[in-house]
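Notes follow the structure.
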Amino acid sequence: MAPHSYLLCFLASGLLSLVLTREVRQFAIRRGWIDRPENGRHIHRRPVPRIGGLAIFIAFGGTVGTFLLSIRVLRIAPPFHVAKAVGILAAASVVLAMGLFDDLRPLGPWRKFTIESVAAVLLYLDGFGIRHLSTFTGESLLQPWVGLPLTVFWVLLITNAFNLIDGLDGLAAGSALFSTVIMFVISLLTASPLASLLTIILAGAILGFLRYNFHPASIFLGDSGSLFIGFVLSAVALAGSQKSTTMIAVAIPVVSLGLPILDVLLSIARRFLSAKPLFSGDDDHIHHKLLKRGFSQREAVLLLYGVTASFGLLSLALLHSHATIALVLVVIGLGVGFGIQQLRYAEFSELFLLAQRTLQPRRFIAENLQIRRGTDALGRCFDLEAICRTLQDTLEPLGFDGFAFRSPHVAIPPDGTVAPLLRSSDGRLQYAWNGFGTGHNEPGWELTLELVMPSGERWGQFSLLRAGCEDALHFDINLLSGRFRERLVEAAERAISSCWPAAEAHSSEETRLVASVTVAR
C-alpha cells in the first residue's frame, strides 16, 4: 500500500471519530446513558456519558468498509485477503455489542468472558491464532487443542487489560493510541499490510475520540470502547504474528502492550495474595496508586503515557534480533521492579518478607531459640539486676533497645531500691541500652504485654521498646505472649518482693536520722 493511502485512512477515521464522538455524547445525555459517581472507586465527581466506544467503532468500521469498497470499485488488487479483514471486524462487532449492553445493563464477568471467548474462537477459525511454538532449539506446529486455548487466553488478556486501566480520563484511550502507533510501525517493518491498515485506522479513531476524553473528560470509553479497542489490538497482534518468527511475534505485542498487561498481572497477584475474589473491583490499580501518591489525574495520565511509550520503544528493539530479547526483558524487569517498589503495594511487601524468611530460615530459628533460652533464664532470676541482664541478653539481638514496667496493681518500692531500673518521665520503671532512653529520646515503637499473676490477678504491663521501626521482626510473636510472659511475671514478683526488706530498712534509717536531727535541735 502507498504511504498516502495510510495517511488518508488515518485522517478520515480521525475526522469521522471527532464528529461522531460529539454526536454520541449528546445522544447518550438525551437517553440518560451516563456514568454517575456512586462508589469510592470512581474518580469523576459529575455524571459523564459512557458509551464513547460506539463512536470509535463506527469510525473504525466505516473507514475500513469504505477502504474495502473503494478498492473494489476502482478494481485495485487488495494487498491482503479481504475476507480476513471482514472476519476481524465481525468478531470485533460481537465484542462491541456485548460492551454496549454491559454499559447499559451490567453483565457478570463469566458472561463477558464467554462472549469474548466466542469472538476469539471466530478469530482462530478465520486464521488468526497461535499455531506455532518457538524455542531456541526450533519451532513446532501446535495442535488445535493447544493453539485454540492459547489464542483465547491471549484475546481475553488483552481485551480485559484495557478495560482494567480505563480508570482515569484519557488513560485507556491514550495508552491504546501509543500502542497502536507502535504496532503500526512494527507492521510496516514486518510487511503486514492488513495489520498496518487496521492499526492506522484505529489510531485515527482513538485520536478523534481523545479530544473529548482527555481530562476533564466529557465522555467515557465505557466497556464498549475499552473492550473493543483491546480486542482489535489482540487481533492485530495475531495478524502481525503471521509475518514474524513466533518468538519475536509473541514478544513484540506483549512488550508493546506492556502497561495494560502489567496492570492485569498485578491485579491478579494482589487479589490472590490478599485472598480476595480475582474479579472483584478495587482502588489499587496502578493509576489509583499514583493518585494516592499525590499525583493529579493529568499528571498520572501523562506519566503512564510515558510508561506506555517506553514499552513501545523497547518492543521496537526486538525487531533487531533474537539476541535483544534477553536484554529487553532485563530492562523491563528492572523497571517494573522499581515501579512496584515506588507504588508501595502492601501485598508485595508481605511477599518480600515471606521470601526473606524462606531464604533465611536460620535467622528466624535462631531468634526463636533466643526467646526460648531467655524464658528459661527468667525462671532462675530472683532480683531485678538478674532480670535486667537476662532481658537485655534476650531482647537486644532481636532489635529492641529497652523495656519498661508499669504496675498500677502492685506496690512498687521506692526508686532507690529498684536499681538498675530507672523511673521514666511517664512514671514507668525503664531499662535501656545502646544509649537509648537518655534525654528526650522517646521510643518510636512499643510492644506491650499484659502481665497476669498465676492467681489470675493483673500485675501490670511490660513494654518492649524500639528506637526505630524500619527493620522487621523475625521471630514468632506468640513466643513472647506465652511461656515467656508467665516466667517474666513470676520473676518480677520475686524480685519486687525481695526489694521490700531493703526498702523498709532504708526507711527506718531515714526515720532514725530525722529523729537524731530533731533531738540535736
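Lettering and numbering for the C-alpha cells are positional, with chains as A, B, ... in the shown order, residues counted from 1 in each chain, and ligands counted from 1 in the shown order.
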Open item on the list: as a list in words, please: the residues near stretch 9-12 of chain A (cut-off 7 Å, only C-alpha atoms, same-chain neighbours under 3 positions excluded).
Closed with: Ser5, Tyr6, Leu15, Leu16, Thr63, Ile200, Ile201 and Gly204 of chain A
Output for the residues just chosen: N, CA and C atoms as a compact mmCIF listing (two decimals), in the first residue's frame:
# COMPACT_ATOMS: atom_id res chain seq x y z
N SER A 5 -2.10 6.31 1.13
CA SER A 5 -3.32 5.57 1.47
C SER A 5 -3.48 5.46 2.98
N TYR A 6 -2.37 5.18 3.65
CA TYR A 6 -2.43 5.13 5.12
C TYR A 6 -2.79 6.50 5.69
N LEU A 15 -11.25 12.28 11.61
CA LEU A 15 -12.30 13.28 11.45
C LEU A 15 -13.67 12.68 11.74
N LEU A 16 -13.90 11.48 11.24
CA LEU A 16 -15.18 10.82 11.49
C LEU A 16 -15.39 10.58 12.98
N THR A 63 -14.53 3.43 8.19
CA THR A 63 -13.32 3.70 7.38
C THR A 63 -12.81 2.41 6.74
N ILE A 200 -3.60 1.83 11.73
CA ILE A 200 -3.61 3.26 11.41
C ILE A 200 -5.03 3.80 11.46
N ILE A 201 -6.01 2.98 11.06
CA ILE A 201 -7.41 3.43 11.15
C ILE A 201 -7.85 3.50 12.61
N GLY A 204 -6.45 6.65 14.24
CA GLY A 204 -7.22 7.84 13.92
C GLY A 204 -8.50 7.93 14.72
Quick one: everything within 10 Å of A:Ala309, counting only C-alpha atoms, minus sequence neighbours fewer than 2 positions away in the same chain. Send it as an mmCIF file with C-alpha atoms, in the first residue's frame.
data_model
loop_
_atom_site.group_PDB
_atom_site.id
_atom_site.type_symbol
_atom_site.label_atom_id
_atom_site.label_comp_id
_atom_site.auth_asym_id
_atom_site.auth_seq_id
_atom_site.Cartn_x
_atom_site.Cartn_y
_atom_site.Cartn_z
ATOM 1 C CA SER A 175 -2.276 4.300 26.126
ATOM 2 C CA LEU A 177 -3.078 5.228 20.912
ATOM 3 C CA PHE A 178 0.609 4.858 21.775
ATOM 4 C CA SER A 179 0.418 1.073 21.495
ATOM 5 C CA VAL A 181 1.087 3.613 16.636
ATOM 6 C CA ILE A 182 3.916 1.313 17.740
ATOM 7 C CA SER A 256 4.227 -3.067 23.242
ATOM 8 C CA LEU A 257 1.086 -3.669 25.325
ATOM 9 C CA GLY A 258 3.146 -3.812 28.499
ATOM 10 C CA LEU A 259 1.214 -1.337 30.663
ATOM 11 C CA LEU A 303 3.313 9.646 33.456
ATOM 12 C CA LEU A 304 1.595 6.454 32.295
ATOM 13 C CA TYR A 305 1.718 7.715 28.711
ATOM 14 C CA GLY A 306 5.475 7.866 29.168
ATOM 15 C CA VAL A 307 5.499 4.316 30.526
ATOM 16 C CA PHE A 311 7.308 -0.168 26.455
ATOM 17 C CA GLY A 312 6.676 0.633 22.792
ATOM 18 C CA LEU A 313 10.256 1.687 22.129
ATOM 19 C CA LEU A 314 11.542 -1.457 23.816
ATOM 20 C CA SER A 315 9.287 -3.546 21.576
#
TODO: Run DSSP on the backbone and grab whatever in stretch 261-438 of chain A lands in strand (DSSP E); send it over as a VMD selection string.
DONE: chain A and resid 402 to 406 422 to 423 429 to 432
- [ ] Could you give me the residues within stretch 313-498 of chain A that DSSP places in helix (DSSP H, G or I), as a ChimeraX atom specification?
- [x] /A:313-317,324-343,346-359,361-378,384-398,415-417,478-498
- [ ] Give me the residues within 10 Å of A:Pro454 as a PyMOL selection string, counting only C-alpha atoms and dropping any in the same chain fewer than 6 places off.
- [x] chain A and resi 486+489-490
File of the preceding selection, N, CA and C atoms, as a tab-separated table (two decimals), in the first residue's frame:
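In the end it all went to result-v2.tsv:
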chain	number	residue	atom	x	y	z
A	486	GLU	N	4.68	-15.67	81.26
A	486	GLU	CA	4.43	-16.31	82.55
A	486	GLU	C	5.69	-16.27	83.42
A	489	VAL	N	6.47	-12.57	84.73
A	489	VAL	CA	5.70	-12.06	85.86
A	489	VAL	C	6.10	-12.77	87.15
A	490	GLU	N	6.43	-14.06	87.07
A	490	GLU	CA	6.90	-14.77	88.26
A	490	GLU	C	8.22	-14.19	88.75
Shell around A:Leu473 at 10 Å using only C-alpha atoms, local window under 5 positions removed, as an mmCIF file with C-alpha atoms, in the first residue's frame:
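Just written: part_38.cif:
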data_model
loop_
_atom_site.group_PDB
_atom_site.id
_atom_site.type_symbol
_atom_site.label_atom_id
_atom_site.label_comp_id
_atom_site.auth_asym_id
_atom_site.auth_seq_id
_atom_site.Cartn_x
_atom_site.Cartn_y
_atom_site.Cartn_z
ATOM 1 C CA LEU A 353 9.155 -10.562 53.841
ATOM 2 C CA PHE A 364 14.255 -16.994 62.413
ATOM 3 C CA GLU A 367 15.793 -15.658 67.195
ATOM 4 C CA LEU A 398 16.095 -9.214 68.372
ATOM 5 C CA GLY A 399 16.343 -5.490 67.620
ATOM 6 C CA PHE A 400 14.866 -3.997 70.791
#
Using only C-alpha atoms, determine which residues lie at most 12 Å from A:Leu233, disregarding the query and same-chain residues fewer than 2 positions distant; provide the list as a PDB file with C-alpha atoms, in the first residue's frame.
ATOM      1  CA  ILE A  88     -11.785  -9.367  12.342  1.00  0.00           C
ATOM      2  CA  LEU A  89     -14.441  -6.670  12.005  1.00  0.00           C
ATOM      3  CA  ALA A  92     -14.959  -7.170  16.995  1.00  0.00           C
ATOM      4  CA  TRP A 154      -4.347 -14.054  24.649  1.00  0.00           C
ATOM      5  CA  VAL A 155      -7.536 -12.370  23.440  1.00  0.00           C
ATOM      6  CA  LEU A 156      -9.090 -12.381  26.907  1.00  0.00           C
ATOM      7  CA  LEU A 157      -5.898 -10.991  28.433  1.00  0.00           C
ATOM      8  CA  ILE A 158      -5.517  -8.014  26.092  1.00  0.00           C
ATOM      9  CA  THR A 159      -9.235  -7.295  25.758  1.00  0.00           C
ATOM     10  CA  ASN A 160      -9.777  -7.037  29.500  1.00  0.00           C
ATOM     11  CA  ALA A 161      -6.422  -5.391  30.185  1.00  0.00           C
ATOM     12  CA  PHE A 162      -7.567  -2.168  28.531  1.00  0.00           C
ATOM     13  CA  SER A 175      -2.276   4.300  26.126  1.00  0.00           C
ATOM     14  CA  ALA A 176      -4.056   2.453  23.318  1.00  0.00           C
ATOM     15  CA  LEU A 177      -3.078   5.228  20.912  1.00  0.00           C
ATOM     16  CA  PHE A 178       0.609   4.858  21.775  1.00  0.00           C
ATOM     17  CA  SER A 179       0.418   1.073  21.495  1.00  0.00           C
ATOM     18  CA  THR A 180      -1.472   1.282  18.201  1.00  0.00           C
ATOM     19  CA  VAL A 181       1.087   3.613  16.636  1.00  0.00           C
ATOM     20  CA  ILE A 182       3.916   1.313  17.740  1.00  0.00           C
ATOM     21  CA  MET A 183       2.130  -1.708  16.283  1.00  0.00           C
ATOM     22  CA  PHE A 184       1.582   0.226  13.039  1.00  0.00           C
ATOM     23  CA  ALA A 195      -2.213  -5.098  10.443  1.00  0.00           C
ATOM     24  CA  SER A 196      -0.910  -1.767   9.122  1.00  0.00           C
ATOM     25  CA  LEU A 198      -6.231  -1.733  10.876  1.00  0.00           C
ATOM     26  CA  THR A 199      -3.812  -0.056  13.290  1.00  0.00           C
ATOM     27  CA  ILE A 200      -3.612   3.257  11.413  1.00  0.00           C
ATOM     28  CA  ILE A 201      -7.408   3.427  11.152  1.00  0.00           C
ATOM     29  CA  LEU A 202      -7.804   2.548  14.832  1.00  0.00           C
ATOM     30  CA  ALA A 203      -5.210   5.183  15.739  1.00  0.00           C
ATOM     31  CA  SER A 226     -12.159  -0.336  26.162  1.00  0.00           C
ATOM     32  CA  LEU A 227     -13.142  -3.924  25.303  1.00  0.00           C
ATOM     33  CA  PHE A 228     -13.420  -3.144  21.589  1.00  0.00           C
ATOM     34  CA  ILE A 229     -10.010  -1.474  21.458  1.00  0.00           C
ATOM     35  CA  GLY A 230      -8.396  -4.276  23.428  1.00  0.00           C
ATOM     36  CA  PHE A 231      -9.963  -6.927  21.206  1.00  0.00           C
ATOM     37  CA  ALA A 235      -6.456  -9.498  16.808  1.00  0.00           C
ATOM     38  CA  VAL A 236      -3.942  -7.213  15.095  1.00  0.00           C
ATOM     39  CA  ALA A 237      -1.146  -8.774  17.144  1.00  0.00           C
ATOM     40  CA  LEU A 238      -2.252 -12.203  15.939  1.00  0.00           C
ATOM     41  CA  ALA A 239      -2.457 -10.950  12.356  1.00  0.00           C
ATOM     42  CA  GLY A 240       1.027  -9.462  12.536  1.00  0.00           C
ATOM     43  CA  PRO A 253       2.945  -7.425  21.211  1.00  0.00           C
ATOM     44  CA  VAL A 254       3.496  -8.460  24.843  1.00  0.00           C
ATOM     45  CA  SER A 256       4.227  -3.067  23.242  1.00  0.00           C
ATOM     46  CA  LEU A 257       1.086  -3.669  25.325  1.00  0.00           C
ATOM     47  CA  PRO A 260      -2.246  -2.957  30.480  1.00  0.00           C
TER      48      PRO A 260
END
- [ ] Tell me, as an NGL selection string, which residues lie within 12 Å of A:Arg111, counting only C-alpha atoms; anything in the same chain fewer than 3 positions away does not count.
- [x] :A and (95 or 98-99 or 101-102 or 106-108 or 114-118)
Output file for the residues above (C-alpha atoms, as an mmCIF file, in the first residue's frame):
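The result, stored in out_22.cif:
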data_model
loop_
_atom_site.group_PDB
_atom_site.id
_atom_site.type_symbol
_atom_site.label_atom_id
_atom_site.label_comp_id
_atom_site.auth_asym_id
_atom_site.auth_seq_id
_atom_site.Cartn_x
_atom_site.Cartn_y
_atom_site.Cartn_z
ATOM 1 C CA VAL A 95 -17.394 -7.629 21.498
ATOM 2 C CA MET A 98 -21.565 -7.008 24.393
ATOM 3 C CA GLY A 99 -19.765 -3.935 25.738
ATOM 4 C CA PHE A 101 -25.092 -3.991 26.626
ATOM 5 C CA ASP A 102 -22.776 -4.081 29.641
ATOM 6 C CA PRO A 106 -24.029 -4.684 33.610
ATOM 7 C CA LEU A 107 -23.150 -8.296 32.852
ATOM 8 C CA GLY A 108 -21.330 -10.651 35.182
ATOM 9 C CA THR A 114 -17.885 -16.407 27.477
ATOM 10 C CA ILE A 115 -18.833 -13.924 24.754
ATOM 11 C CA GLU A 116 -15.242 -12.756 24.387
ATOM 12 C CA SER A 117 -14.135 -16.380 24.084
ATOM 13 C CA VAL A 118 -16.652 -16.913 21.273
#
TODO: Measuring atom to atom with only C-alpha atoms, identify which of A:Val86, A:Leu142, A:Pro149, A:Arg31 is nearest to A:Gly62.
DONE: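 Residue with the minimum atom-to-atom distance to A:Gly62: A:Val86.
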Open item on the list: Counting only C-alpha atoms, which residue out of A:Ala492, A:Val48, A:Ala59, A:Leu266 sits closest to A:Arg406?
Closed with: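 For A:Arg406, the nearest of the given residues is A:Ala492.
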Open item on the list: Just want the 8 Å neighbourhood of A:Leu96, counted on only C-alpha atoms, with same-chain residues fewer than 6 positions away dropped. Output as a list in words.
Closed with: Gly53, Leu54, Phe57, Ser224, Gly225, Leu227 and Phe228 of chain A
- [ ] Determine the nearest neighbour of A:Ala90 from the options A:Val64, A:Trp110, A:Leu197, A:Glu347, counting only C-alpha atoms.
- [x] A:Val64
